[in-house]
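The block underneath contains the structure these notes are about, expressed in structure tokens.
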Amino acid sequence: MTNRYLLYRTLLVLGLITVAVIYLLPSWLGRPVLSFLPDSKVHLGLDLQGGTHLILTVGVDEAIASSVEVNGDQLRRELRKAGVQVKSLQRVDGTSLSVTIPAASRDKLGEVLGDLFPNFQAGETQTEGENITVKLSLVDDEVERLRESAVEQSLETIRNRIDQFGVTEPVIQRQGDRDILVQLPGIQDPQRAKDLIGRTAVLEFKLVRDDPDVGGYADGSRPMPAGTQILYDVEKDPLGGRRRGIPYLVESQTLMTGDVVTDARVRPGELPNSRIVSLYLNARGARIFEEITGANVQRRLAIVLDDTVYSAPVIQERIGGGSAIISGSFTSEEARDLAIVLRTGALPAPVTIAEERTVGPTLGRDSIRQGILSFIVGGSLVVLFMLVYYKFAGLLADLALVLNIVFLLAALAALGATLTLPGIAGIVLTIGMAVDANVLINERIREELRLGKTARAAIEAGYERALPAILDSNITTFLSGIILFQFGSGPIKGFAVTLCIGLVSSVFTAVVGTRVVYDHLLSRRRMQKVSI
């Protein structure tokens, strides 16, 4: 049983080393190795690579006001369909409408609101002769949903713009309630960055031509049919990256644009765990969409954003009523992303630049040089001390230290994390924590040897008695890193990421990695005395 347990631990260590090397190869070689292997690299932060740093503030209040306006237009049409004479309907503030109708139609107003506009609630009412004026306000949950939606739409639009312009290794993430952090390594012209981010996304609906030789048109081996173009969808890899996917032969004519889309929501599908996207159009869009679907039954309609195909469903029948359903093999995240894309063309929120900085490439190179120098000096001193003071046990500790760094960098590559200057500081601190674990183990082994125990008994007791102290110190530091990551800003997060990953790796290499070597030497009776 003991030999089998040793075999499992050995295979675990060797397996992790193999995986780590595979993930680090693209960073070492500067390119993917094989198509079926991971191609992610260790990303350098803006402070190391230089580039443009922007913090964008999304105008969520304007987005909410725009949504209220759209709902007001829809409410007017629905009240007229119900036979209610609308005297006046206007927006009174960012979240409320004021509607004036005959007092006798109050019940019908309540019915229309309950059936079609549950996101509004009736408030104070004023009577003016035979008419009443009712204030309709968005419910709090709907206001919060619109705020979230506005930021998500802006995030998706910005990501599309940056992907289109080919910026490598950008950082685009939400920061706070309404801010978006954008870091563009390698771009030294802030105005160009602002221009590419500030453009409005273009949403289009185009017909797909089903042709078995789409690949021939895509690679240029066959001439394109007149009035067509090749567009691609976007594939997402597990690490959140994007790459060009399947080509589509679509007709160049745009049948409908995103200005007619009022909303898009994710709904549960008929099958378990399936998702559909419900699409809502304004009056003009409903009429156009009904004409398009009626004339093109059994053809595919491509939903295109910024010349990228996000969905190409088959038209099953004429679709009227101003709504449609997009079904497919969507995961929850894919359906949500598609809904965001569809809403982006209809409800753009104004984005303003709250903070702007440019980091020069020279500063980045200096930061890398200084960071590497501090890492080499600190690491070399630690390695030398362990080797001199603990001899063979120190050599094992140094090997565990190297393995710890390999695991840490591989984890950064696998998670798509960004290495920053504070992150390098976290790595240096991790070296100290890793050595601390090995020092505790070695000192315990020394104590056991002084008591006259055999090499096997001393090693077993040393690891067993050092483990609680190692876990206590590392767990408390790990929790501190989690708090820093949760509440800290960008540089603090970079430090916290490398610290937390390094702590996990250091405990594993110190407790499991070095122990495997000792156990192999003891099992083959090659070690009668511990060099420590």
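By order of appearance in the structure tokens: chains A, B, ..., then residues from 1 within every chain, and ligands from 1 in the order shown.
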Please provide as a list in words all residues within 7 Å of range 321-326 of chain A, with the sequence filter that same-chain residues fewer than 2 positions apart are discarded (counting only C-alpha atoms).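 The residues satisfying every condition are Ile276, Val277, Ser278, Leu279, Tyr280, Leu281, Asn282, Ala283, Gly285, Ala286, Pro313, Ile319 and Gly328 of chain A.
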Take the residues that were just selected and, keeping C-alpha atoms, output them as a compact mmCIF listing (two decimals), in the first residue's frame.
```txt
# COMPACT_ATOMS: atom_id res chain seq x y z
CA ILE A 276 -33.33 30.96 -26.03
CA VAL A 277 -33.05 34.67 -26.74
CA SER A 278 -36.26 36.68 -27.14
CA LEU A 279 -35.91 39.67 -29.46
CA TYR A 280 -38.24 42.71 -29.30
CA LEU A 281 -38.57 45.24 -32.14
CA ASN A 282 -40.22 48.63 -32.47
CA ALA A 283 -43.20 49.15 -34.78
CA GLY A 285 -38.83 46.86 -37.11
CA ALA A 286 -41.82 44.56 -36.55
CA PRO A 313 -30.98 30.79 -37.25
CA ILE A 319 -42.88 36.12 -37.75
CA GLY A 328 -29.67 27.22 -30.79
```
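The neighbours of Val530 in chain A here are the residues that come within 8 Å of it, using only C-alpha atoms and leaving out any residue fewer than 4 positions away in the same chain; they are A:Phe392, A:Ala393, A:Ala455.
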Write out, as an mmCIF file, in the first residue's frame, the residues just selected, with N, CA and C atoms.
```cif
data_model
loop_
_atom_site.group_PDB
_atom_site.id
_atom_site.type_symbol
_atom_site.label_atom_id
_atom_site.label_comp_id
_atom_site.auth_asym_id
_atom_site.auth_seq_id
_atom_site.Cartn_x
_atom_site.Cartn_y
_atom_site.Cartn_z
ATOM 1 N N PHE A 392 22.438 18.665 1.516
ATOM 2 C CA PHE A 392 21.553 17.954 0.590
ATOM 3 C C PHE A 392 20.093 18.371 0.784
ATOM 4 N N ALA A 393 19.672 18.542 2.039
ATOM 5 C CA ALA A 393 18.300 18.995 2.284
ATOM 6 C C ALA A 393 18.080 20.381 1.692
ATOM 7 N N ALA A 455 17.099 7.703 10.035
ATOM 8 C CA ALA A 455 16.795 8.661 8.974
ATOM 9 C C ALA A 455 15.309 8.628 8.606
#
```
Tell me, in Å to one decimal, how far CA of Leu184 in chain A is from CA of Arg145 in chain A.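 Pair CA of Leu184 in chain A / CA of Arg145 in chain A returns 29.1 Å.
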Give me every alpha helix (DSSP H) residue in range 122-315 of chain A, going by DSSP on the backbone, as a PyMOL selection string. chain A and resi 140-164+190-198+214-218+283-295
Would you mind exporting the chosen residues as a short mmCIF file (atom, residue, chain, number, x, y, z; two decimals), in the first residue's frame, restricted to N, CA and C atoms?
```cif
data_model
loop_
_atom_site.label_atom_id
_atom_site.label_comp_id
_atom_site.auth_asym_id
_atom_site.auth_seq_id
_atom_site.Cartn_x
_atom_site.Cartn_y
_atom_site.Cartn_z
N ASP A 140 -37.68 49.10 -8.61
CA ASP A 140 -36.26 49.15 -8.25
C ASP A 140 -35.45 48.03 -8.91
N ASP A 141 -36.04 46.84 -9.01
CA ASP A 141 -35.31 45.72 -9.63
C ASP A 141 -35.02 46.01 -11.10
N GLU A 142 -35.98 46.67 -11.78
CA GLU A 142 -35.78 46.98 -13.20
C GLU A 142 -34.71 48.06 -13.37
N VAL A 143 -34.70 49.04 -12.48
CA VAL A 143 -33.67 50.08 -12.54
C VAL A 143 -32.29 49.45 -12.38
N GLU A 144 -32.15 48.54 -11.44
CA GLU A 144 -30.87 47.88 -11.22
C GLU A 144 -30.48 47.03 -12.42
N ARG A 145 -31.48 46.33 -13.02
CA ARG A 145 -31.19 45.51 -14.19
C ARG A 145 -30.71 46.37 -15.35
N LEU A 146 -31.33 47.53 -15.55
CA LEU A 146 -30.92 48.41 -16.63
C LEU A 146 -29.52 48.97 -16.40
N ARG A 147 -29.20 49.26 -15.14
CA ARG A 147 -27.85 49.73 -14.84
C ARG A 147 -26.82 48.65 -15.20
N GLU A 148 -27.10 47.43 -14.76
CA GLU A 148 -26.18 46.33 -15.07
C GLU A 148 -26.08 46.11 -16.57
N SER A 149 -27.23 46.17 -17.23
CA SER A 149 -27.27 45.93 -18.67
C SER A 149 -26.47 46.98 -19.43
N ALA A 150 -26.58 48.24 -19.02
CA ALA A 150 -25.86 49.32 -19.71
C ALA A 150 -24.36 49.10 -19.63
N VAL A 151 -23.86 48.72 -18.46
CA VAL A 151 -22.42 48.49 -18.31
C VAL A 151 -21.99 47.27 -19.11
N GLU A 152 -22.79 46.19 -19.08
CA GLU A 152 -22.44 44.98 -19.82
C GLU A 152 -22.42 45.24 -21.32
N GLN A 153 -23.41 46.01 -21.80
CA GLN A 153 -23.44 46.33 -23.23
C GLN A 153 -22.21 47.13 -23.63
N SER A 154 -21.87 48.12 -22.83
CA SER A 154 -20.69 48.94 -23.14
C SER A 154 -19.43 48.09 -23.12
N LEU A 155 -19.34 47.17 -22.17
CA LEU A 155 -18.18 46.28 -22.07
C LEU A 155 -18.06 45.43 -23.33
N GLU A 156 -19.18 44.88 -23.80
CA GLU A 156 -19.16 44.04 -25.01
C GLU A 156 -18.80 44.86 -26.24
N THR A 157 -19.34 46.06 -26.34
CA THR A 157 -19.05 46.91 -27.49
C THR A 157 -17.57 47.27 -27.53
N ILE A 158 -17.02 47.67 -26.39
CA ILE A 158 -15.60 48.03 -26.33
C ILE A 158 -14.73 46.83 -26.68
N ARG A 159 -15.09 45.66 -26.16
CA ARG A 159 -14.31 44.45 -26.47
C ARG A 159 -14.35 44.15 -27.96
N ASN A 160 -15.51 44.30 -28.58
CA ASN A 160 -15.61 44.07 -30.03
C ASN A 160 -14.72 45.02 -30.81
N ARG A 161 -14.72 46.28 -30.40
CA ARG A 161 -13.93 47.28 -31.12
C ARG A 161 -12.44 46.96 -31.01
N ILE A 162 -12.01 46.61 -29.81
CA ILE A 162 -10.59 46.34 -29.60
C ILE A 162 -10.16 45.06 -30.30
N ASP A 163 -11.02 44.02 -30.27
CA ASP A 163 -10.72 42.78 -30.98
C ASP A 163 -10.57 43.04 -32.47
N GLN A 164 -11.42 43.91 -33.01
CA GLN A 164 -11.38 44.20 -34.45
C GLN A 164 -10.08 44.89 -34.85
N PRO A 190 -3.03 57.72 -27.25
CA PRO A 190 -4.32 57.65 -26.54
C PRO A 190 -5.49 58.06 -27.42
N GLN A 191 -5.27 59.01 -28.33
CA GLN A 191 -6.38 59.47 -29.17
C GLN A 191 -6.87 58.36 -30.08
N ARG A 192 -5.94 57.59 -30.62
CA ARG A 192 -6.35 56.45 -31.45
C ARG A 192 -7.15 55.45 -30.64
N ALA A 193 -6.70 55.21 -29.40
CA ALA A 193 -7.44 54.28 -28.54
C ALA A 193 -8.84 54.80 -28.26
N LYS A 194 -8.96 56.10 -27.99
CA LYS A 194 -10.27 56.67 -27.70
C LYS A 194 -11.17 56.62 -28.94
N ASP A 195 -10.58 56.83 -30.11
CA ASP A 195 -11.38 56.78 -31.34
C ASP A 195 -11.94 55.39 -31.59
N LEU A 196 -11.10 54.37 -31.41
CA LEU A 196 -11.57 53.01 -31.71
C LEU A 196 -12.57 52.53 -30.66
N ILE A 197 -12.43 53.00 -29.42
CA ILE A 197 -13.37 52.59 -28.38
C ILE A 197 -14.69 53.33 -28.52
N GLY A 198 -14.63 54.60 -28.95
CA GLY A 198 -15.83 55.43 -28.94
C GLY A 198 -16.80 55.18 -30.07
N VAL A 214 -18.21 27.11 -49.30
CA VAL A 214 -17.92 28.38 -48.63
C VAL A 214 -16.42 28.51 -48.37
N GLY A 215 -15.77 27.39 -48.04
CA GLY A 215 -14.34 27.43 -47.78
C GLY A 215 -13.55 27.92 -48.98
N GLY A 216 -13.99 27.54 -50.20
CA GLY A 216 -13.31 28.00 -51.41
C GLY A 216 -13.40 29.50 -51.59
N TYR A 217 -14.56 30.07 -51.25
CA TYR A 217 -14.70 31.53 -51.31
C TYR A 217 -13.84 32.19 -50.23
N ALA A 218 -13.80 31.55 -49.06
CA ALA A 218 -13.07 32.16 -47.93
C ALA A 218 -11.57 32.21 -48.18
N ALA A 283 -42.12 49.34 -33.79
CA ALA A 283 -43.20 49.15 -34.78
C ALA A 283 -42.63 49.01 -36.20
N ARG A 284 -41.71 49.87 -36.55
CA ARG A 284 -41.11 49.80 -37.89
C ARG A 284 -40.35 48.49 -38.06
N GLY A 285 -39.58 48.11 -37.03
CA GLY A 285 -38.83 46.86 -37.11
C GLY A 285 -39.73 45.65 -37.20
N ALA A 286 -40.88 45.67 -36.50
CA ALA A 286 -41.82 44.56 -36.55
C ALA A 286 -42.35 44.36 -37.96
N ARG A 287 -42.67 45.47 -38.63
CA ARG A 287 -43.19 45.39 -40.00
C ARG A 287 -42.12 44.86 -40.96
N ILE A 288 -40.90 45.39 -40.83
CA ILE A 288 -39.81 44.94 -41.71
C ILE A 288 -39.49 43.48 -41.46
N PHE A 289 -39.43 43.08 -40.19
CA PHE A 289 -39.08 41.71 -39.85
C PHE A 289 -40.13 40.72 -40.36
N GLU A 290 -41.39 41.11 -40.28
CA GLU A 290 -42.45 40.24 -40.79
C GLU A 290 -42.31 40.05 -42.30
N GLU A 291 -41.98 41.12 -43.01
CA GLU A 291 -41.79 41.01 -44.46
C GLU A 291 -40.58 40.13 -44.80
N ILE A 292 -39.49 40.31 -44.05
CA ILE A 292 -38.27 39.52 -44.32
C ILE A 292 -38.53 38.04 -44.09
N THR A 293 -39.11 37.71 -42.95
CA THR A 293 -39.32 36.30 -42.62
C THR A 293 -40.37 35.66 -43.53
N GLY A 294 -41.38 36.42 -43.92
CA GLY A 294 -42.40 35.86 -44.81
C GLY A 294 -41.85 35.53 -46.18
N ALA A 295 -40.90 36.30 -46.66
CA ALA A 295 -40.36 36.11 -48.01
C ALA A 295 -39.17 35.15 -48.04
#
```
Excluding range 3-12 of chain A and its own-chain neighbours fewer than 4 positions away, which residues fall within 12 Å of it when counting only C-alpha atoms? Please give them as a PyMOL selection string. chain A and resi 16-19+508-509+511-524
